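Have a look at the structure below before the remarks.
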Amino acid sequence: MSTTESASYYNNLEQMSVRELLVSINQEDKKVPHAVEKAIPQLEALVNATIARLQQGGRLFYIGAGTSGRLGIVDASECPPTFGVPHGMVIGLIAGGDNAIRKAVEFAEDDAEQAWKDLQQYAITNKDIVVGLAASGSTPYVVGGLKACAAQGIATGCIVCNAGSVVAENADYPVEVITGPEFVTGSTRMKAGTAQKLILNILTTSVMIKLGHVKGNKMVDMQLSNVKLVERGVRMVMDELQLPRPEAAALLKKYGSVRAAVEAFRTENGNS
């Protein structure tokens, strides 16, 4: 039996007090970052492979089902506003289609051929890379998608939470984060889901930094899509150029991004 399906270390959960539940769940959650740390060498290989393909104009695809699929969609959807990249650079696909984002689609994850059909809708090529997300490491939707990609010479990776899984066996760059039994037996939206979210954060953040979308420690290409982000952008311009707030705000409004505002000011003032 896979470790994610193994019996919880805790029992009689319904008899616990609320405090006991909270403390016990937190105790299990503390194990997740340590599991992620052990996977860093594998993750480094996946990050480097992803950087290489995106530098050449390729795209990053996630394929997954259930919680894993939703996490991939969340990560993909956050890349454009955070890093100012096109919406088509990172794409999340979930078994059952967009309806499955909000409501489970019965048996969608058991179709081993659908992932490849979904990928073909995006005219996928061997310039791209596909990362399978499956806590169990056995989801047919993901396994089938990775196998089809391999047959077409498309690079693959995965994020799984069991050792020796069939998903990992079919990935060029497997990342195995062994999180152990869940607090509620088999509920992989808990520790396994948290581990996958951490890995996804690390993956795309590292990739986008190396692609040049962060300067110093700031998101210079972020989309100015609300008041909070505009204010953050103004502070960035102020700090970078040592300008008073009104001038920084005017520059940002005129050029539409922190990077563009800074570069334009330096060009106009003969300081590249």
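Identifiers in this document derive from the order of the structure tokens: chains are assigned A, B, ..., residues are numbered from 1 separately in each chain, and ligands are numbered from 1 in order of occurrence.
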DSSP on the backbone, then: every residue of segment 115-191 of chain A marked helix (DSSP H, G or I), written as a PyMOL selection string.
chain A and resi 115-120+140-151+166-169+191
Mind dumping a table of every segment 155-192 of chain A residue within 8 Å of segment 6-12 of chain A, with the nearest atom pair and its distance in Å to one decimal, using only C-alpha atoms, sorted by chain and rising number, as a tab-separated table?
```
residue	atom	partner	partner_atom	distance
A:Gly180	CA	A:Ser6	CA	7.8
A:Pro181	CA	A:Ser6	CA	5.3
A:Glu182	CA	A:Ser8	CA	5.6
A:Phe183	CA	A:Ser8	CA	5.3
A:Val184	CA	A:Ser8	CA	6.1
A:Thr185	CA	A:Ser8	CA	5.0
A:Gly186	CA	A:Ser6	CA	6.9
```
Please produce a file of those selected residues containing C-alpha atoms, as a PDB file, in the first residue's frame.
```
ATOM      1  CA  GLY A 180       3.731   9.809   4.846  1.00  0.00           C
ATOM      2  CA  PRO A 181       0.243   8.919   6.094  1.00  0.00           C
ATOM      3  CA  GLU A 182      -2.299  11.713   6.293  1.00  0.00           C
ATOM      4  CA  PHE A 183      -3.953  12.833   9.556  1.00  0.00           C
ATOM      5  CA  VAL A 184      -7.264  11.690   8.071  1.00  0.00           C
ATOM      6  CA  THR A 185      -6.346   8.454   6.301  1.00  0.00           C
ATOM      7  CA  GLY A 186      -6.010   8.995   2.554  1.00  0.00           C
TER       8      GLY A 186
END
```
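Closest to Thr4 of chain A among A:Pro81, A:Ala192, A:Thr204, A:Pro86 is A:Ala192, based on only C-alpha atoms.
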Determine, for each residue of segment 190-271 of chain A having at least one atom at most 9 Å from an atom of segment 27-45 of chain A, the closest pair of atoms and their separation in Å to one decimal, counting only C-alpha atoms; order by chain and ascending number, as CSV.
```
residue,atom,partner,partner_atom,distance
A:Met190,CA,A:Asp29,CA,8.1
A:Lys191,CA,A:Asp29,CA,6.0
A:Ala192,CA,A:Val32,CA,8.0
A:Thr194,CA,A:Val32,CA,7.3
A:Ala195,CA,A:Val32,CA,5.9
A:Gln196,CA,A:Val36,CA,8.8
A:Leu198,CA,A:Val36,CA,7.7
A:Ile199,CA,A:Val36,CA,7.1
A:Ile202,CA,A:Leu43,CA,8.7
A:Leu203,CA,A:Leu43,CA,7.5
```
Which residues come within 8 Å of segment 135-146 of chain A, counting only C-alpha atoms, excluding same-chain residues fewer than 5 positions away, as a PDB file with N, CA and C atoms, in the first residue's frame?
```pdb
ATOM      1  N   SER A   2       0.498   2.267  -0.757  1.00  0.00           N
ATOM      2  CA  SER A   2       1.252   3.512  -0.796  1.00  0.00           C
ATOM      3  C   SER A   2       1.167   4.217   0.548  1.00  0.00           C
ATOM      4  N   THR A   4       0.701   7.331   1.194  1.00  0.00           N
ATOM      5  CA  THR A   4      -0.374   8.314   1.289  1.00  0.00           C
ATOM      6  C   THR A   4      -1.725   7.670   1.597  1.00  0.00           C
ATOM      7  N   ILE A  63      -0.336  18.707 -15.621  1.00  0.00           N
ATOM      8  CA  ILE A  63      -1.510  17.842 -15.782  1.00  0.00           C
ATOM      9  C   ILE A  63      -1.755  17.137 -14.457  1.00  0.00           C
ATOM     10  N   GLY A  64      -2.996  17.133 -14.016  1.00  0.00           N
ATOM     11  CA  GLY A  64      -3.312  16.501 -12.742  1.00  0.00           C
ATOM     12  C   GLY A  64      -4.803  16.306 -12.581  1.00  0.00           C
ATOM     13  N   ALA A  65      -5.181  15.638 -11.511  1.00  0.00           N
ATOM     14  CA  ALA A  65      -6.592  15.389 -11.207  1.00  0.00           C
ATOM     15  C   ALA A  65      -6.865  15.811  -9.770  1.00  0.00           C
ATOM     16  N   SER A  68      -4.537  17.842  -6.864  1.00  0.00           N
ATOM     17  CA  SER A  68      -3.287  18.073  -7.600  1.00  0.00           C
ATOM     18  C   SER A  68      -3.528  18.929  -8.834  1.00  0.00           C
ATOM     19  N   ALA A  95      -8.017  16.863 -15.026  1.00  0.00           N
ATOM     20  CA  ALA A  95      -8.902  15.801 -15.515  1.00  0.00           C
ATOM     21  C   ALA A  95     -10.358  16.212 -15.295  1.00  0.00           C
ATOM     22  N   ALA A 108     -13.086  10.917 -13.991  1.00  0.00           N
ATOM     23  CA  ALA A 108     -12.306  11.624 -15.019  1.00  0.00           C
ATOM     24  C   ALA A 108     -10.825  11.268 -14.922  1.00  0.00           C
ATOM     25  N   GLU A 109     -10.326  11.069 -13.712  1.00  0.00           N
ATOM     26  CA  GLU A 109      -8.901  10.789 -13.543  1.00  0.00           C
ATOM     27  C   GLU A 109      -8.518   9.399 -14.027  1.00  0.00           C
ATOM     28  N   ASP A 110      -9.508   8.544 -14.298  1.00  0.00           N
ATOM     29  CA  ASP A 110      -9.223   7.172 -14.703  1.00  0.00           C
ATOM     30  C   ASP A 110      -9.061   7.012 -16.209  1.00  0.00           C
ATOM     31  N   ASP A 111      -9.229   8.097 -16.963  1.00  0.00           N
ATOM     32  CA  ASP A 111      -9.088   8.053 -18.416  1.00  0.00           C
ATOM     33  C   ASP A 111      -7.628   8.311 -18.784  1.00  0.00           C
ATOM     34  N   ALA A 112      -6.946   7.253 -19.206  1.00  0.00           N
ATOM     35  CA  ALA A 112      -5.509   7.356 -19.482  1.00  0.00           C
ATOM     36  C   ALA A 112      -5.192   8.061 -20.802  1.00  0.00           C
ATOM     37  N   GLU A 113      -6.193   8.308 -21.621  1.00  0.00           N
ATOM     38  CA  GLU A 113      -5.952   8.927 -22.928  1.00  0.00           C
ATOM     39  C   GLU A 113      -6.309  10.407 -22.975  1.00  0.00           C
ATOM     40  N   GLN A 114      -7.065  10.876 -21.978  1.00  0.00           N
ATOM     41  CA  GLN A 114      -7.605  12.230 -22.065  1.00  0.00           C
ATOM     42  C   GLN A 114      -6.546  13.316 -21.918  1.00  0.00           C
ATOM     43  N   ALA A 115      -5.523  13.095 -21.104  1.00  0.00           N
ATOM     44  CA  ALA A 115      -4.519  14.141 -20.908  1.00  0.00           C
ATOM     45  C   ALA A 115      -3.844  14.513 -22.231  1.00  0.00           C
ATOM     46  N   TRP A 116      -3.507  13.503 -23.015  1.00  0.00           N
ATOM     47  CA  TRP A 116      -2.868  13.796 -24.300  1.00  0.00           C
ATOM     48  C   TRP A 116      -3.816  14.564 -25.215  1.00  0.00           C
ATOM     49  N   VAL A 130       6.171  19.052 -19.736  1.00  0.00           N
ATOM     50  CA  VAL A 130       4.920  18.682 -19.071  1.00  0.00           C
ATOM     51  C   VAL A 130       5.229  18.070 -17.713  1.00  0.00           C
ATOM     52  N   THR A 156       9.390  15.595 -19.706  1.00  0.00           N
ATOM     53  CA  THR A 156       8.376  15.447 -18.655  1.00  0.00           C
ATOM     54  C   THR A 156       9.003  15.508 -17.271  1.00  0.00           C
ATOM     55  N   ILE A 159       5.503  15.632  -9.823  1.00  0.00           N
ATOM     56  CA  ILE A 159       5.556  15.849  -8.381  1.00  0.00           C
ATOM     57  C   ILE A 159       4.624  14.822  -7.754  1.00  0.00           C
ATOM     58  N   VAL A 160       5.196  13.871  -7.021  1.00  0.00           N
ATOM     59  CA  VAL A 160       4.424  12.799  -6.402  1.00  0.00           C
ATOM     60  C   VAL A 160       4.802  12.690  -4.924  1.00  0.00           C
ATOM     61  N   CYS A 161       3.973  11.991  -4.167  1.00  0.00           N
ATOM     62  CA  CYS A 161       4.204  11.883  -2.724  1.00  0.00           C
ATOM     63  C   CYS A 161       4.339  10.443  -2.248  1.00  0.00           C
ATOM     64  N   ASN A 162       4.633   9.542  -3.161  1.00  0.00           N
ATOM     65  CA  ASN A 162       4.938   8.150  -2.828  1.00  0.00           C
ATOM     66  C   ASN A 162       6.219   7.741  -3.563  1.00  0.00           C
ATOM     67  N   SER A 165       6.770   5.245  -7.672  1.00  0.00           N
ATOM     68  CA  SER A 165       5.460   5.272  -8.328  1.00  0.00           C
ATOM     69  C   SER A 165       5.576   5.131  -9.842  1.00  0.00           C
ATOM     70  N   VAL A 166       4.477   4.743 -10.455  1.00  0.00           N
ATOM     71  CA  VAL A 166       4.444   4.594 -11.904  1.00  0.00           C
ATOM     72  C   VAL A 166       4.536   5.955 -12.588  1.00  0.00           C
ATOM     73  N   VAL A 167       4.005   6.996 -11.963  1.00  0.00           N
ATOM     74  CA  VAL A 167       4.142   8.343 -12.526  1.00  0.00           C
ATOM     75  C   VAL A 167       5.615   8.737 -12.578  1.00  0.00           C
ATOM     76  N   ALA A 168       6.336   8.538 -11.477  1.00  0.00           N
ATOM     77  CA  ALA A 168       7.758   8.881 -11.444  1.00  0.00           C
ATOM     78  C   ALA A 168       8.560   8.068 -12.448  1.00  0.00           C
ATOM     79  N   ASN A 170       7.696   7.227 -15.282  1.00  0.00           N
ATOM     80  CA  ASN A 170       7.445   7.733 -16.634  1.00  0.00           C
ATOM     81  C   ASN A 170       7.788   9.219 -16.790  1.00  0.00           C
ATOM     82  N   ALA A 171       8.541   9.769 -15.845  1.00  0.00           N
ATOM     83  CA  ALA A 171       8.933  11.174 -15.917  1.00  0.00           C
ATOM     84  C   ALA A 171      10.446  11.282 -16.078  1.00  0.00           C
ATOM     85  N   THR A 188      -5.337  13.276   0.866  1.00  0.00           N
ATOM     86  CA  THR A 188      -4.104  13.857   0.337  1.00  0.00           C
ATOM     87  C   THR A 188      -4.208  15.350   0.012  1.00  0.00           C
ATOM     88  N   ALA A 192       0.100  16.016   1.617  1.00  0.00           N
ATOM     89  CA  ALA A 192       0.548  15.857   0.227  1.00  0.00           C
ATOM     90  C   ALA A 192       0.234  17.111  -0.584  1.00  0.00           C
ATOM     91  N   GLY A 193      -0.967  17.654  -0.396  1.00  0.00           N
ATOM     92  CA  GLY A 193      -1.341  18.871  -1.107  1.00  0.00           C
ATOM     93  C   GLY A 193      -0.462  20.048  -0.719  1.00  0.00           C
ATOM     94  N   GLN A 196       2.911  19.623  -2.426  1.00  0.00           N
ATOM     95  CA  GLN A 196       2.846  19.965  -3.845  1.00  0.00           C
ATOM     96  C   GLN A 196       2.796  21.473  -4.042  1.00  0.00           C
TER      97      GLN A 196
END
```
Determine, counting only C-alpha atoms, which protein, DNA and RNA residues have an atom within 12 Å of an atom of Pro246 of chain A; residues of the same chain fewer than 4 positions away are not included. Present the result as a ChimeraX atom specification.
/A:231,234-235,237-238,242,250-253
Quick one: write out the picked residues with N, CA and C atoms as a PDB file, in the first residue's frame?
```pdb
ATOM      1  N   GLU A 231       0.443  50.566  -5.375  1.00  0.00           N
ATOM      2  CA  GLU A 231       1.201  51.153  -4.272  1.00  0.00           C
ATOM      3  C   GLU A 231       2.548  50.459  -4.098  1.00  0.00           C
ATOM      4  N   VAL A 234       4.806  51.727  -6.827  1.00  0.00           N
ATOM      5  CA  VAL A 234       5.306  53.076  -6.548  1.00  0.00           C
ATOM      6  C   VAL A 234       6.491  53.009  -5.592  1.00  0.00           C
ATOM      7  N   ARG A 235       6.368  52.196  -4.554  1.00  0.00           N
ATOM      8  CA  ARG A 235       7.465  52.068  -3.585  1.00  0.00           C
ATOM      9  C   ARG A 235       8.714  51.501  -4.257  1.00  0.00           C
ATOM     10  N   VAL A 237       9.637  51.862  -7.419  1.00  0.00           N
ATOM     11  CA  VAL A 237      10.240  52.907  -8.236  1.00  0.00           C
ATOM     12  C   VAL A 237      10.940  53.933  -7.349  1.00  0.00           C
ATOM     13  N   MET A 238      10.309  54.299  -6.243  1.00  0.00           N
ATOM     14  CA  MET A 238      10.928  55.237  -5.300  1.00  0.00           C
ATOM     15  C   MET A 238      12.265  54.704  -4.799  1.00  0.00           C
ATOM     16  N   GLN A 242      15.379  56.456  -6.132  1.00  0.00           N
ATOM     17  CA  GLN A 242      15.508  57.493  -5.093  1.00  0.00           C
ATOM     18  C   GLN A 242      14.731  58.756  -5.473  1.00  0.00           C
ATOM     19  N   ALA A 250       3.919  59.125 -10.962  1.00  0.00           N
ATOM     20  CA  ALA A 250       3.675  59.600 -12.324  1.00  0.00           C
ATOM     21  C   ALA A 250       4.399  58.734 -13.347  1.00  0.00           C
ATOM     22  N   LEU A 251       5.635  58.359 -13.040  1.00  0.00           N
ATOM     23  CA  LEU A 251       6.389  57.481 -13.936  1.00  0.00           C
ATOM     24  C   LEU A 251       5.699  56.138 -14.109  1.00  0.00           C
ATOM     25  N   LEU A 252       5.262  55.569 -12.998  1.00  0.00           N
ATOM     26  CA  LEU A 252       4.619  54.254 -13.051  1.00  0.00           C
ATOM     27  C   LEU A 252       3.326  54.321 -13.855  1.00  0.00           C
ATOM     28  N   LYS A 253       2.558  55.363 -13.658  1.00  0.00           N
ATOM     29  CA  LYS A 253       1.311  55.517 -14.395  1.00  0.00           C
ATOM     30  C   LYS A 253       1.572  55.667 -15.890  1.00  0.00           C
TER      31      LYS A 253
END
```
Length of the atom CA of Val207 of chain A to atom CA of Val47 of chain A vector [Å]:
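Straight-line distance from atom CA of Val207 of chain A to atom CA of Val47 of chain A works out to 6.3 Å.
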Give me the residues within 10 Å of Ile101 of chain A as JSON, numbers by chain, counting only C-alpha atoms and dropping any in the same chain fewer than 5 places off.
{"A": [65, 66, 67, 69, 70, 71, 73, 74, 93, 94, 95, 96]}
So what do you get for atom CA of Leu46 of chain A versus atom CA of Tyr173 of chain A, distance-wise?
5.3 Å
From a DSSP calculation on the backbone, collect every residue of segment 75-218 of chain A in strand (DSSP E or B) and output the set as a PyMOL selection string.
chain A and resi 90-94+129-134+155-160+173-176+215+218
